[in-house]
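Everything below belongs to my_file08.cif, which stores mmCIF, C-alpha atoms and all ligand atoms.
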data_data
loop_
_atom_site.label_atom_id
_atom_site.label_comp_id
_atom_site.auth_asym_id
_atom_site.auth_seq_id
_atom_site.Cartn_x
_atom_site.Cartn_y
_atom_site.Cartn_z
CA MET A 1 30.22 -107.39 27.95
CA ALA A 2 32.73 -104.61 27.45
CA THR A 3 30.16 -102.64 25.46
CA PHE A 4 27.63 -103.08 28.27
CA PHE A 5 30.06 -101.76 30.85
CA PHE A 6 31.06 -98.94 28.65
CA SER A 7 27.50 -97.83 27.94
CA SER A 8 26.46 -98.07 31.61
CA PHE A 9 29.46 -96.00 32.52
CA LEU A 10 28.57 -93.48 29.86
CA LEU A 11 24.97 -93.33 31.10
CA LEU A 12 26.17 -92.80 34.66
CA PHE A 13 28.51 -90.09 33.50
CA LEU A 14 25.79 -88.40 31.48
CA SER A 15 23.30 -88.45 34.32
CA CYS A 16 25.85 -86.98 36.72
CA ALA A 17 26.75 -84.37 34.17
CA THR A 18 23.15 -83.35 33.60
CA ASN A 19 22.57 -83.18 37.34
CA SER A 20 25.41 -80.83 38.00
CA ILE A 21 25.65 -78.60 34.94
CA PRO A 22 22.78 -76.66 33.41
CA VAL A 23 22.91 -77.83 29.78
CA ALA A 24 20.54 -77.12 26.92
CA PHE A 25 17.77 -79.70 27.01
CA SER A 26 14.11 -80.14 26.38
CA GLU A 27 12.05 -81.90 29.00
CA GLN A 28 8.51 -83.14 28.65
CA ASN A 29 7.40 -81.65 31.96
CA ASN A 30 8.83 -78.24 31.27
CA ASP A 31 6.49 -76.80 28.71
CA TYR A 32 7.01 -73.28 30.07
CA LEU A 33 10.80 -73.40 29.67
CA VAL A 34 11.73 -71.48 26.54
CA SER A 35 15.44 -72.19 26.65
CA SER A 36 18.25 -73.01 29.01
CA GLN A 37 21.79 -72.73 27.87
CA LEU A 38 25.30 -72.49 29.15
CA VAL A 39 26.40 -68.94 29.77
CA SER A 40 29.72 -67.90 28.35
CA HIS A 41 31.87 -65.98 30.80
CA ALA A 42 34.03 -64.71 27.99
CA ALA A 43 32.21 -61.36 28.08
CA VAL A 44 34.25 -59.03 30.26
CA GLU A 45 32.48 -57.18 33.02
CA LYS A 46 33.38 -53.54 33.47
CA GLN A 47 32.96 -51.30 36.48
CA SER A 48 31.58 -47.82 35.97
CA HIS A 49 31.67 -45.11 38.60
CA PHE A 50 28.97 -42.45 38.32
CA ARG A 51 28.63 -39.45 40.60
CA LEU A 52 25.11 -38.10 40.87
CA TYR A 53 23.33 -35.65 43.14
CA CYS A 54 19.88 -36.54 44.38
CA HIS A 55 17.52 -33.75 45.42
CA ALA A 56 14.98 -34.76 48.05
CA ILE A 57 12.53 -31.87 48.24
CA TYR A 58 10.04 -32.00 51.11
CA SER A 59 8.89 -28.40 50.91
CA ASP A 60 5.90 -27.06 49.01
CA PRO A 61 4.87 -26.32 46.34
CA ASN A 62 6.53 -29.24 44.53
CA PRO A 63 7.77 -31.87 46.96
CA THR A 64 9.58 -34.83 45.40
CA THR A 65 9.61 -36.90 48.60
CA VAL A 66 6.30 -37.42 50.37
CA ARG A 67 5.21 -39.11 53.54
CA VAL A 68 2.68 -41.83 52.66
CA ALA A 69 2.28 -43.76 55.90
CA ALA A 70 3.24 -43.85 59.53
CA ALA A 71 2.55 -45.84 62.67
CA SER A 72 0.54 -44.40 65.53
CA GLY A 73 3.77 -43.87 67.47
CA THR A 74 5.89 -42.45 64.64
CA ASN A 75 5.56 -38.79 65.64
CA LYS A 76 6.68 -39.65 69.18
CA SER A 77 9.59 -41.77 68.00
CA SER A 78 13.01 -40.11 67.98
CA THR A 79 13.90 -42.34 65.02
CA TYR A 80 10.63 -41.87 63.06
CA PHE A 81 10.07 -45.62 63.40
CA GLY A 82 7.15 -46.64 61.18
CA LEU A 83 7.43 -43.78 58.71
CA VAL A 84 7.19 -44.62 54.99
CA VAL A 85 8.06 -42.16 52.27
CA LEU A 86 7.89 -42.33 48.49
CA MET A 87 10.18 -40.34 46.28
CA ASP A 88 10.69 -39.27 42.71
CA ASP A 89 13.81 -37.19 43.18
CA PRO A 90 15.76 -35.53 40.37
CA LEU A 91 19.29 -36.82 39.77
CA THR A 92 21.65 -34.16 38.47
CA ILE A 93 25.33 -34.03 37.60
CA GLY A 94 26.10 -31.35 40.17
CA PRO A 95 24.94 -30.37 43.66
CA ASP A 96 23.14 -27.34 42.21
CA ALA A 97 19.49 -28.21 41.53
CA ASN A 98 19.77 -26.35 38.23
CA SER A 99 22.65 -28.47 36.98
CA LYS A 100 21.96 -30.95 34.18
CA LEU A 101 19.20 -33.44 34.94
CA VAL A 102 20.23 -36.99 33.99
CA GLY A 103 17.73 -39.19 35.78
CA ARG A 104 15.29 -39.78 38.62
CA ALA A 105 15.55 -41.71 41.88
CA GLN A 106 12.16 -43.37 42.27
CA GLY A 107 11.52 -45.52 45.25
CA THR A 108 10.51 -45.87 48.82
CA SER A 109 12.21 -45.62 52.15
CA ALA A 110 10.88 -46.86 55.46
CA ALA A 111 12.10 -46.01 58.94
CA ALA A 112 12.96 -49.44 60.30
CA GLY A 113 15.20 -48.55 63.22
CA LEU A 114 13.82 -48.63 66.74
CA TYR A 115 16.98 -47.22 68.29
CA LYS A 116 18.69 -45.36 65.46
CA MET A 117 17.54 -43.44 62.40
CA GLU A 118 17.87 -46.36 60.04
CA PHE A 119 15.89 -46.74 56.85
CA VAL A 120 15.25 -49.61 54.48
CA MET A 121 15.77 -48.03 51.10
CA ALA A 122 14.47 -49.52 47.88
CA THR A 123 14.95 -47.32 44.87
CA ASN A 124 15.53 -47.34 41.13
CA PHE A 125 17.89 -44.93 39.45
CA ILE A 126 16.26 -44.28 36.09
CA PHE A 127 18.57 -42.63 33.60
CA THR A 128 16.98 -40.20 31.17
CA ASP A 129 19.97 -38.81 29.34
CA GLY A 130 22.52 -39.83 26.74
CA LYS A 131 23.84 -43.35 26.32
CA TYR A 132 22.14 -44.62 29.49
CA ASN A 133 18.73 -43.10 28.73
CA GLY A 134 16.11 -45.73 29.59
CA SER A 135 18.48 -47.95 31.58
CA THR A 136 17.93 -48.45 35.29
CA ILE A 137 19.84 -49.52 38.39
CA ALA A 138 18.03 -51.13 41.33
CA ILE A 139 19.31 -50.31 44.81
CA PHE A 140 18.18 -51.97 48.00
CA GLY A 141 19.85 -51.49 51.33
CA HIS A 142 20.36 -50.07 54.77
CA ASP A 143 20.38 -46.29 54.99
CA GLU A 144 21.59 -44.98 58.33
CA VAL A 145 20.82 -41.41 57.39
CA LEU A 146 23.04 -39.66 59.94
CA ALA A 147 26.15 -41.69 59.07
CA PRO A 148 28.68 -39.77 56.95
CA VAL A 149 28.74 -42.52 54.30
CA ARG A 150 25.96 -45.03 53.71
CA GLU A 151 26.76 -48.00 51.52
CA MET A 152 23.92 -49.83 49.81
CA PRO A 153 23.99 -52.75 47.39
CA ILE A 154 23.05 -52.57 43.75
CA ILE A 155 20.97 -55.67 43.25
CA GLY A 156 20.28 -55.50 39.53
CA GLY A 157 19.48 -53.36 36.56
CA SER A 158 17.93 -53.10 33.15
CA GLY A 159 18.98 -52.00 29.69
CA LEU A 160 22.72 -51.33 29.66
CA PHE A 161 22.75 -52.40 33.31
CA ARG A 162 21.31 -55.90 32.85
CA PHE A 163 22.91 -58.26 35.40
CA ALA A 164 24.29 -55.23 37.27
CA ARG A 165 25.81 -55.65 40.68
CA GLY A 166 27.79 -53.31 42.86
CA TYR A 167 27.23 -50.71 45.51
CA VAL A 168 26.47 -47.06 46.05
CA GLN A 169 27.94 -44.73 48.62
CA ALA A 170 25.57 -41.99 49.71
CA ARG A 171 26.67 -38.82 51.47
CA THR A 172 24.56 -35.90 52.62
CA TYR A 173 25.88 -32.95 50.68
CA SER A 174 23.62 -30.31 52.19
CA ARG A 175 20.43 -30.08 54.19
CA ASP A 176 18.11 -27.14 54.74
CA LEU A 177 17.36 -27.33 58.45
CA GLU A 178 14.05 -25.48 58.09
CA THR A 179 12.49 -27.41 55.24
CA GLY A 180 14.45 -30.67 55.47
CA ASP A 181 15.25 -30.42 51.75
CA THR A 182 18.36 -32.49 51.23
CA VAL A 183 20.97 -32.90 48.52
CA MET A 184 22.68 -36.28 48.57
CA GLN A 185 25.80 -37.23 46.69
CA PHE A 186 25.69 -40.73 45.28
CA ASP A 187 28.82 -42.49 44.11
CA VAL A 188 27.61 -45.45 42.10
CA PHE A 189 30.05 -48.31 41.50
CA VAL A 190 28.33 -50.67 39.14
CA ASN A 191 29.64 -53.77 37.45
CA HIS A 192 27.93 -54.48 34.14
CA TYR A 193 28.66 -55.69 30.62
C1 LIG B 201 2.44 -36.66 62.55
O1 LIG B 201 3.12 -35.57 61.95
C2 LIG B 201 2.78 -35.37 60.59
C3 LIG B 201 3.70 -34.33 60.01
O2 LIG B 201 3.85 -33.23 60.85
C4 LIG B 201 1.30 -35.02 60.48
O3 LIG B 201 0.95 -34.81 59.13
C5 LIG B 201 0.49 -36.16 61.05
O4 LIG B 201 -0.88 -35.83 61.05
C6 LIG B 201 0.93 -36.49 62.48
N1 LIG B 201 0.28 -37.73 62.88
C7 LIG B 201 -0.25 -37.91 64.06
C8 LIG B 201 -0.88 -39.24 64.31
O5 LIG B 201 -0.21 -37.06 64.92
C1 LIG B 202 15.40 -40.47 26.25
O1 LIG B 202 14.62 -41.45 25.64
C2 LIG B 202 13.26 -41.06 25.47
C3 LIG B 202 12.49 -42.28 25.00
O2 LIG B 202 13.15 -42.93 23.98
C4 LIG B 202 13.19 -39.88 24.53
O3 LIG B 202 11.85 -39.47 24.36
C5 LIG B 202 14.00 -38.74 25.11
O4 LIG B 202 14.04 -37.67 24.21
C6 LIG B 202 15.41 -39.20 25.44
N1 LIG B 202 16.07 -38.14 26.17
C7 LIG B 202 17.29 -37.71 25.88
C8 LIG B 202 17.77 -36.54 26.66
O5 LIG B 202 18.00 -38.21 25.02
#

Could you write out this structure as structure tokens?
Amino acid sequence: MATFFFSSFLLLFLSCATNSIPVAFSEQNNDYLVSSQLVSHAAVEKQSHFRLYCHAIYSDPNPTTVRVAAASGTNKSSTYFGLVVLMDDPLTIGPDANSKLVGRAQGTSAAAGLYKMEFVMATNFIFTDGKYNGSTIAIFGHDEVLAPVREMPIIGGSGLFRFARGYVQARTYSRDLETGDTVMQFDVFVNHY
């Protein structure tokens, strides 16, 4: 009797435990699951702050940001609503375009604001130099281009930035009013392992 109670209790406990905590297990109906294990939080996350300058060049002969689509009303819209651009902008360590190149900002930006110049920005910072060469940071957020500081979330990363999270603060460093060529300063605050 006591054994029966004990084992039922144990079963109940085990089933609750398996329902609430992801433990290593193998299940018949999960033949595509390779493994599932508890994650140790002993590894300490660090926060790195990078400062990079992004060069958006619209002018010929070698534009790095190009218009790829627009709505029929985009040219009449004061906010460019409907415009979509793609970019592959150099990331350098200084505001001078000839300063050391350390990566590229590859992504897309779409004018999503009916009433203000607001863009949906989705871009990857791809590092091409030194320790971080080959690692990437994925940024997705709201870019109100005329605001002095635009904060956008870091939603992930690869390589040394696996499981990255954090935010970037973008500032317009300079803009050529004739060509539209723009240098942006990015302060990247990224938590990673
Ligand atoms: C809108 O302006 C762009 C850039 O000046 C031009 O390439 C495009 O043809 C224009 N589109 C329309 C529909 O007028
Ligand atoms: C970055 O990595 C690539 C691929 O491994 C390599 O070809 C390149 O030389 C590296 N660049 C630098 C500056 O270390």

Subject >> Within-12 Å residues of ligand LIG 201 (chain B), basis only C-alpha atoms and all ligand atoms, as a list in words >> reply: Tyr58, Val66, Arg67, Val68, Ala69, Ala70, Ala71, Ser72, Gly73, Thr74, Asn75, Lys76, Ser77, Tyr80, Phe81, Gly82, Leu83, Val84, Val85 and Thr179 of chain A

Expected file: the selected residues, C-alpha atoms, as a PDB file, keeping the file's coordinate frame:
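Output below, filename out-v1.pdb:
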ATOM      1  CA  TYR A  58      10.040 -32.000  51.110  1.00  0.00           C
ATOM      2  CA  VAL A  66       6.300 -37.420  50.370  1.00  0.00           C
ATOM      3  CA  ARG A  67       5.210 -39.110  53.540  1.00  0.00           C
ATOM      4  CA  VAL A  68       2.680 -41.830  52.660  1.00  0.00           C
ATOM      5  CA  ALA A  69       2.280 -43.760  55.900  1.00  0.00           C
ATOM      6  CA  ALA A  70       3.240 -43.850  59.530  1.00  0.00           C
ATOM      7  CA  ALA A  71       2.550 -45.840  62.670  1.00  0.00           C
ATOM      8  CA  SER A  72       0.540 -44.400  65.530  1.00  0.00           C
ATOM      9  CA  GLY A  73       3.770 -43.870  67.470  1.00  0.00           C
ATOM     10  CA  THR A  74       5.890 -42.450  64.640  1.00  0.00           C
ATOM     11  CA  ASN A  75       5.560 -38.790  65.640  1.00  0.00           C
ATOM     12  CA  LYS A  76       6.680 -39.650  69.180  1.00  0.00           C
ATOM     13  CA  SER A  77       9.590 -41.770  68.000  1.00  0.00           C
ATOM     14  CA  TYR A  80      10.630 -41.870  63.060  1.00  0.00           C
ATOM     15  CA  PHE A  81      10.070 -45.620  63.400  1.00  0.00           C
ATOM     16  CA  GLY A  82       7.150 -46.640  61.180  1.00  0.00           C
ATOM     17  CA  LEU A  83       7.430 -43.780  58.710  1.00  0.00           C
ATOM     18  CA  VAL A  84       7.190 -44.620  54.990  1.00  0.00           C
ATOM     19  CA  VAL A  85       8.060 -42.160  52.270  1.00  0.00           C
ATOM     20  CA  THR A 179      12.490 -27.410  55.240  1.00  0.00           C
TER      21      THR A 179
END

**OP:** Work out how far atom CA of A:Ala112 is from atom CA of A:Asn191, in Å to one decimal.
**Re:**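 Value for the atom CA of A:Asn191-atom CA of A:Ala112 distance: 28.6 Å.
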
Original post:
Any idea what the distance is between atom CA of A:Gly130 and atom CA of A:Arg165?
Top reply: 21.3 Å

**OP:** Can you work out which one of A:His49, A:Lys116, A:His192, A:His41 has the shortest atom-to-atom distance to A:Gly156, counting all atoms listed in the file?
**Re:**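 Using all atoms listed in the file, A:Gly156 sits closest to A:His192.
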
**OP:** For each of A:Ile93, A:Leu86, A:Ala138, A:Ala147, take the minimum atom-to-atom distance to A:Glu118, counting all atoms listed in the file, then give the residue where this is smallest.
**Re:** A:Ala147

**OP:** Using all atoms listed in the file, find each protein or nucleic acid residue lying at most 9 Å from ligand LIG 202 (chain B); present the set as a PyMOL selection string.
**Re:** chain A and resi 101-102+127-134

Original post:
Which polymer residues, protein or nucleic acid, are no farther than 12 Å from (26.1, -42.7, 54.9), counting all atoms listed in the file, as a ChimeraX atom specification?
Top reply: /A:117-119,141-152,168-173,184-187

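Minimum atom-to-atom distances from A:Gly103, A:Gly113, A:Gly180, A:Gly159 to A:Asp88 were compared using all atoms listed in the file, and the lowest value belongs to A:Gly103.
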
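Atom pair atom CA of A:Ala56 / atom CA of A:Arg162 has a distance of 26.8 Å (rounded to one decimal).
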
Original post:
Which residue, A:Pro153, A:Ile139, A:Thr79, A:Met87, has the smallest gap to A:Ala111 when you use all atoms listed in the file?
Top reply: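 The closest residue to A:Ala111 is A:Thr79.
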
**OP:** Give the answer as one residue: which of A:Glu45, A:Leu38, A:Met121, A:His55 has the shortest atom-to-atom distance to A:Leu91, using only C-alpha atoms?
**Re:**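 Result for the nearest residue to A:Leu91: A:His55.
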
8 Å per side around stretch 144-151 of chain A: axis-aligned box centre and edge lengths, as JSON:
{"center_x": 24.8, "center_y": -43.8, "center_z": 55.7, "size_x": 23.9, "size_y": 24.3, "size_z": 24.4}

Missing atoms of stretch 129-142 of chain A rebuilt to N, CA and C atoms, written as a compact mmCIF listing (two decimals), keeping the file's coordinate frame:
# COMPACT_ATOMS: atom_id res chain seq x y z
N ASP A 129 19.13 -39.62 30.22
CA ASP A 129 19.97 -38.81 29.34
C ASP A 129 21.06 -39.65 28.69
N GLY A 130 21.35 -39.29 27.44
CA GLY A 130 22.52 -39.83 26.74
C GLY A 130 22.48 -41.33 26.55
N LYS A 131 23.66 -41.92 26.58
CA LYS A 131 23.84 -43.35 26.32
C LYS A 131 22.98 -44.22 27.25
N TYR A 132 22.82 -43.78 28.50
CA TYR A 132 22.14 -44.62 29.49
C TYR A 132 20.64 -44.34 29.58
N ASN A 133 20.16 -43.44 28.74
CA ASN A 133 18.73 -43.10 28.73
C ASN A 133 17.88 -44.37 28.65
N GLY A 134 16.99 -44.56 29.60
CA GLY A 134 16.11 -45.73 29.59
C GLY A 134 16.64 -46.89 30.42
N SER A 135 17.91 -46.87 30.76
CA SER A 135 18.48 -47.95 31.58
C SER A 135 18.27 -47.63 33.06
N THR A 136 18.18 -48.66 33.87
CA THR A 136 17.93 -48.45 35.29
C THR A 136 18.88 -49.28 36.16
N ILE A 137 19.06 -48.80 37.38
CA ILE A 137 19.84 -49.52 38.39
C ILE A 137 18.96 -49.66 39.64
N ALA A 138 18.87 -50.87 40.15
CA ALA A 138 18.03 -51.13 41.33
C ALA A 138 18.91 -51.20 42.58
N ILE A 139 18.54 -50.39 43.57
CA ILE A 139 19.31 -50.31 44.81
C ILE A 139 18.42 -50.72 45.98
N PHE A 140 18.95 -51.56 46.82
CA PHE A 140 18.18 -51.97 48.00
C PHE A 140 19.15 -52.09 49.16
N GLY A 141 18.90 -51.35 50.23
CA GLY A 141 19.85 -51.49 51.33
C GLY A 141 19.48 -50.72 52.58
N HIS A 142 20.48 -50.65 53.43
CA HIS A 142 20.36 -50.07 54.77
C HIS A 142 20.87 -48.63 54.72
